[in-house]
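K.L.:
Supplied in structure tokens, the structure appears directly below.
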Amino acid sequence: VLKREIPEGWEVKSINEVCDVIDCLHSKKPDFCYEDEDSYLLSLENITKEGYIDISEKYYISKKDFSEWTSRICVKENDFLFTNAGRAGDMGMIPNGIKCAIGRNITAVRSKKINPYYLRCFFKSLYMKEQILNNLDKGCFFMSFNVRSITQLSILIPKEENFHKFISFCEPIIKQLNKNNSEIQKLTNL
């Protein structure tokens with residue numbers, strides 16, 4: 001499936017088997033409206049090329065709009081966001097402490113059967129970049145990476161003993177990177 005040899009005992013699963021894929025609303029972007037600190041939506045600009053979520057500039061919306069824009073999903077810690085247009089196929093992982101709506105041209109992926117820290121590493125791997133490039137929809141004016149494209153992705157899952165060793169190694173590192181990134185954003189705002 002991945003067009004390469006897979007070690008014995010490892011598996012390849014469809015992203016739909018291990019994750020929920022949730023599309024954004026395709027409505028007109030709501031007007032900017034600050035009612036409280038927690039009612040905002042993320043846009044493409046909030047997803048960095050490195051795979052982080054930058055909330056130094058929030059797009060606030062009314063509580064009513066927030067309720068509508070979170071009707072499909074209110075993204076939270078360890079969810080993944082994929083950009084559908086512009087920088088099609090870029091991915092960011094939601095860090096601790098964020099619960100918000102997603103704007104247009106973003107698809108959320110929520111792990112249901114696999115450790116999100118493994119997914120973070122796999123989604124940033126060369127294997128995934130190759131799959132994304134092969135699944136981009138090429139239109140007349142720009143490329144897109146929509147829900148249909150995302151559901152075509154395959155996830156390589158190591159055998160259990162390797163998986164647990166990898167998670168025990170990478171999870172604390174990713175948590176520290178997320179914490180550092182959050183602190184950098186706070187310092188930048190100051």
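Letters A, B, ... go to the chains of the structure tokens in the order shown; residues in each chain start at 1; ligands are counted from 1 in the same order.
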Considering only C-alpha atoms, tabulate each residue of range 29-133 of chain A that lies at most 12 Å from range 151-161 of chain A along with its nearest interatomic pair and the corresponding distance in Å to one decimal; arrange the rows by chain and ascending residue number and present them as a tab-separated table.

P.N.:
```
residue	atom	partner	partner_atom	distance
A:Phe82	CA	A:Thr151	CA	11.9
A:Gly89	CA	A:Leu153	CA	11.5
A:Thr107	CA	A:Thr151	CA	10.9
A:Ala108	CA	A:Thr151	CA	11.6
A:Val109	CA	A:Thr151	CA	10.0
A:Ser111	CA	A:Ile155	CA	11.6
A:Lys113	CA	A:Ile157	CA	11.0
A:Ile114	CA	A:Ile157	CA	8.8
A:Asn115	CA	A:Ile157	CA	10.4
A:Tyr118	CA	A:Ile157	CA	9.0
A:Leu119	CA	A:Ile155	CA	8.4
A:Arg120	CA	A:Ile155	CA	11.4
A:Cys121	CA	A:Ile155	CA	11.2
A:Phe122	CA	A:Ile155	CA	7.7
A:Phe123	CA	A:Ile155	CA	8.7
A:Lys124	CA	A:Ile155	CA	11.9
A:Ser125	CA	A:Leu156	CA	10.8
A:Tyr127	CA	A:Leu156	CA	9.0
A:Met128	CA	A:Leu153	CA	7.9
A:Lys129	CA	A:Leu153	CA	10.4
A:Glu130	CA	A:Leu153	CA	10.2
A:Gln131	CA	A:Leu153	CA	6.6
A:Ile132	CA	A:Leu153	CA	7.6
A:Leu133	CA	A:Leu153	CA	10.8
```

K.L.:
Can I get the selected residues back with N, CA and C atoms, as a short mmCIF file (atom, residue, chain, number, x, y, z; two decimals), in the first residue's frame?

P.N.:
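result_31.cif, written as the output of this step:
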```cif
data_model
loop_
_atom_site.label_atom_id
_atom_site.label_comp_id
_atom_site.auth_asym_id
_atom_site.auth_seq_id
_atom_site.Cartn_x
_atom_site.Cartn_y
_atom_site.Cartn_z
N PHE A 82 -5.59 19.76 9.22
CA PHE A 82 -4.96 19.75 7.90
C PHE A 82 -5.51 20.90 7.09
N GLY A 89 -2.29 20.57 2.62
CA GLY A 89 -1.64 19.41 3.22
C GLY A 89 -0.78 19.71 4.43
N THR A 107 -9.53 20.76 7.84
CA THR A 107 -10.17 19.51 8.23
C THR A 107 -9.52 19.02 9.52
N ALA A 108 -10.35 18.58 10.46
CA ALA A 108 -9.85 18.06 11.74
C ALA A 108 -9.75 16.54 11.67
N VAL A 109 -8.71 16.01 12.30
CA VAL A 109 -8.52 14.56 12.41
C VAL A 109 -8.34 14.27 13.90
N SER A 111 -7.76 11.26 16.69
CA SER A 111 -7.37 9.87 16.90
C SER A 111 -8.42 9.16 17.75
N LYS A 113 -7.97 5.41 17.94
CA LYS A 113 -7.40 4.11 18.29
C LYS A 113 -5.88 4.11 18.39
N ILE A 114 -5.25 5.24 18.21
CA ILE A 114 -3.79 5.23 18.17
C ILE A 114 -3.25 6.46 18.89
N ASN A 115 -2.11 6.31 19.51
CA ASN A 115 -1.52 7.39 20.29
C ASN A 115 -1.28 8.62 19.42
N TYR A 118 2.38 9.44 18.36
CA TYR A 118 2.87 8.67 17.22
C TYR A 118 2.35 9.28 15.93
N LEU A 119 1.05 9.61 15.92
CA LEU A 119 0.46 10.21 14.72
C LEU A 119 1.17 11.51 14.36
N ARG A 120 1.51 12.33 15.36
CA ARG A 120 2.21 13.60 15.11
C ARG A 120 3.49 13.33 14.32
N CYS A 121 4.25 12.35 14.77
CA CYS A 121 5.50 12.02 14.08
C CYS A 121 5.23 11.44 12.70
N PHE A 122 4.24 10.56 12.61
CA PHE A 122 3.95 9.95 11.31
C PHE A 122 3.42 10.98 10.32
N PHE A 123 2.55 11.89 10.79
CA PHE A 123 2.00 12.91 9.89
C PHE A 123 3.08 13.86 9.36
N LYS A 124 4.18 14.01 10.07
CA LYS A 124 5.27 14.87 9.62
C LYS A 124 6.37 14.08 8.89
N SER A 125 6.17 12.77 8.71
CA SER A 125 7.19 11.92 8.09
C SER A 125 7.21 12.08 6.57
N TYR A 127 7.00 9.59 4.54
CA TYR A 127 5.95 8.71 4.03
C TYR A 127 4.65 9.49 3.84
N MET A 128 4.29 10.27 4.86
CA MET A 128 3.03 11.01 4.80
C MET A 128 3.12 12.13 3.77
N LYS A 129 4.23 12.83 3.72
CA LYS A 129 4.38 13.90 2.72
C LYS A 129 4.20 13.35 1.31
N GLU A 130 4.74 12.17 1.07
CA GLU A 130 4.60 11.53 -0.24
C GLU A 130 3.14 11.19 -0.51
N GLN A 131 2.45 10.64 0.49
CA GLN A 131 1.02 10.31 0.32
C GLN A 131 0.19 11.57 0.06
N ILE A 132 0.50 12.64 0.78
CA ILE A 132 -0.23 13.89 0.59
C ILE A 132 -0.04 14.40 -0.83
N LEU A 133 1.20 14.42 -1.30
CA LEU A 133 1.47 14.88 -2.67
C LEU A 133 0.72 14.03 -3.70
#
```

K.L.:
Can you list every residue in range 89-144 of chain A that DSSP puts in strand (DSSP E), as number ranges by chain?

P.N.:
A: 91-93, 101-102, 106-111, 137-138, 143-144

K.L.:
So the first atom is CA of Lys99 in chain A and the second is CA of Arg72 in chain A; what is the distance between them in Å, to one decimal place?

P.N.:
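CA of Lys99 in chain A sits 13.3 Å away from CA of Arg72 in chain A.
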
K.L.:
Please list as a PDB file with C-alpha atoms, in the first residue's frame every residue within 12 Å of Thr70 in chain A, counting only C-alpha atoms and excluding residues in the same chain fewer than 3 positions away.

P.N.:
```
ATOM      1  CA  ILE A  22     -14.272  15.912  10.387  1.00  0.00           C
ATOM      2  CA  ASP A  23     -14.752  18.578   7.743  1.00  0.00           C
ATOM      3  CA  CYS A  24     -15.129  22.272   8.509  1.00  0.00           C
ATOM      4  CA  LEU A  25     -18.287  24.237   7.843  1.00  0.00           C
ATOM      5  CA  SER A  39     -14.955  32.105  21.308  1.00  0.00           C
ATOM      6  CA  TYR A  40     -12.587  32.100  18.351  1.00  0.00           C
ATOM      7  CA  LEU A  41     -11.860  30.095  15.265  1.00  0.00           C
ATOM      8  CA  LEU A  42      -8.607  29.003  13.751  1.00  0.00           C
ATOM      9  CA  ILE A  61     -16.492  35.391  16.836  1.00  0.00           C
ATOM     10  CA  LYS A  63     -20.929  33.023  21.083  1.00  0.00           C
ATOM     11  CA  LYS A  64     -23.798  32.269  18.702  1.00  0.00           C
ATOM     12  CA  ASP A  65     -21.389  31.871  15.756  1.00  0.00           C
ATOM     13  CA  PHE A  66     -19.029  29.826  17.937  1.00  0.00           C
ATOM     14  CA  SER A  67     -21.856  27.414  18.743  1.00  0.00           C
ATOM     15  CA  ILE A  73     -16.315  19.579  16.168  1.00  0.00           C
ATOM     16  CA  CYS A  74     -14.780  21.753  18.850  1.00  0.00           C
ATOM     17  CA  VAL A  75     -11.104  20.971  18.414  1.00  0.00           C
ATOM     18  CA  LYS A  76      -9.144  20.177  21.550  1.00  0.00           C
ATOM     19  CA  LYS A  99     -10.586  24.426  22.577  1.00  0.00           C
ATOM     20  CA  CYS A 100     -11.876  26.305  19.568  1.00  0.00           C
ATOM     21  CA  ALA A 101     -13.675  26.254  16.248  1.00  0.00           C
ATOM     22  CA  ILE A 102     -12.034  25.678  12.889  1.00  0.00           C
ATOM     23  CA  GLY A 103     -12.556  27.972   9.950  1.00  0.00           C
ATOM     24  CA  ALA A 108      -9.848  18.062  11.740  1.00  0.00           C
TER      25      ALA A 108
END
```

K.L.:
Between A:Lys186, A:Lys49, A:Lys28, A:Leu177, which is the closest to Trp69 in chain A once you count only C-alpha atoms?

P.N.:
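Answer, going by the shortest atom-to-atom distance: A:Lys28.
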
K.L.:
At what distance in Å, to one decimal, does CA of Ile184 in chain A lie from CA of Lys29 in chain A?

P.N.:
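Those two atoms sit 28.6 Å apart.
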
K.L.:
Find, counting only C-alpha atoms, the residue in A:Glu35, A:Glu50, A:Glu77, A:Glu5 that gets nearest to Lys175 in chain A.

P.N.:
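Among the listed residues, the smallest separation from Lys175 in chain A belongs to A:Glu77.
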
K.L.:
Apply DSSP to the structure's backbone, then extract all residues of range 70-146 of chain A labelled helix (DSSP H, G or I) and return them as a list in words.

P.N.:
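Filtering range 70-146 of chain A to helix (DSSP H, G or I) leaves Pro116, Tyr117, Tyr118, Leu119, Arg120, Cys121, Phe122, Phe123, Leu126, Tyr127, Met128, Lys129, Glu130, Gln131, Ile132, Leu133, Asn134 and Asn135 of chain A.
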
K.L.:
How far is it from CA of Cys19 in chain A to CA of Asn46 in chain A, in Å with one decimal?

P.N.:
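CA of Asn46 in chain A lies 22.4 Å from CA of Cys19 in chain A.
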
K.L.:
Need to verify the contact set: Gln185 in chain A, 8 Å, only C-alpha atoms, exclusion of same-chain residues closer than 4 positions in sequence. Can you return it as a PDB file with N, CA and C atoms, in the first residue's frame?

P.N.:
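Once written, selection19.pdb looks like this:
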```
ATOM      1  N   ASP A  54      -0.392  28.394  16.158  1.00  0.00           N
ATOM      2  CA  ASP A  54      -0.013  29.717  16.650  1.00  0.00           C
ATOM      3  C   ASP A  54      -1.289  30.506  16.910  1.00  0.00           C
ATOM      4  N   ILE A  55      -1.584  30.756  18.186  1.00  0.00           N
ATOM      5  CA  ILE A  55      -2.804  31.506  18.518  1.00  0.00           C
ATOM      6  C   ILE A  55      -2.481  32.912  18.997  1.00  0.00           C
ATOM      7  N   SER A  56      -1.340  33.431  18.566  1.00  0.00           N
ATOM      8  CA  SER A  56      -0.994  34.798  18.959  1.00  0.00           C
ATOM      9  C   SER A  56      -1.971  35.807  18.350  1.00  0.00           C
ATOM     10  N   ASN A 181       6.897  26.069  22.483  1.00  0.00           N
ATOM     11  CA  ASN A 181       6.241  26.846  21.441  1.00  0.00           C
ATOM     12  C   ASN A 181       5.190  27.779  22.038  1.00  0.00           C
ATOM     13  N   ASN A 189       3.883  37.874  22.177  1.00  0.00           N
ATOM     14  CA  ASN A 189       2.747  38.784  22.418  1.00  0.00           C
ATOM     15  C   ASN A 189       3.111  39.899  23.386  1.00  0.00           C
TER      16      ASN A 189
END
```

K.L.:
Give me the residues within 7 Å of Ile53 in chain A as a list in words, counting only C-alpha atoms and dropping any in the same chain fewer than 2 places off.

P.N.:
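Contacts, with the query itself left out: Asn46, Ile47, Thr48, Gly51, Ile55, Gly92, Met93 and Ile94 of chain A.
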
K.L.:
Just checking: using only C-alpha atoms, which residue out of A:Gly9, A:Pro30, A:Pro95, A:Gly86 ends up closest to Glu68 in chain A?

P.N.:
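Distance minimum relative to Glu68 in chain A lands on A:Pro30.
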
K.L.:
Write out as a PyMOL selection string the residues lying within 7 Å of Asn105 in chain A, counting only C-alpha atoms and excluding same-chain residues fewer than 6 positions away.

P.N.:
chain A and resi 24+83-85

K.L.:
Using only C-alpha atoms for the distances, tell me which of A:Tyr117, A:Lys13, A:Thr188, A:Met143 is nearest to His164 in chain A.

P.N.:
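For His164 in chain A, the nearest of the given residues is A:Tyr117.
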
K.L.:
Looking at only C-alpha atoms, which of A:Cys170, A:Lys165, A:Asn178, A:Ser149 is the one that sits closest to Ser14 in chain A?

P.N.:
A:Ser149
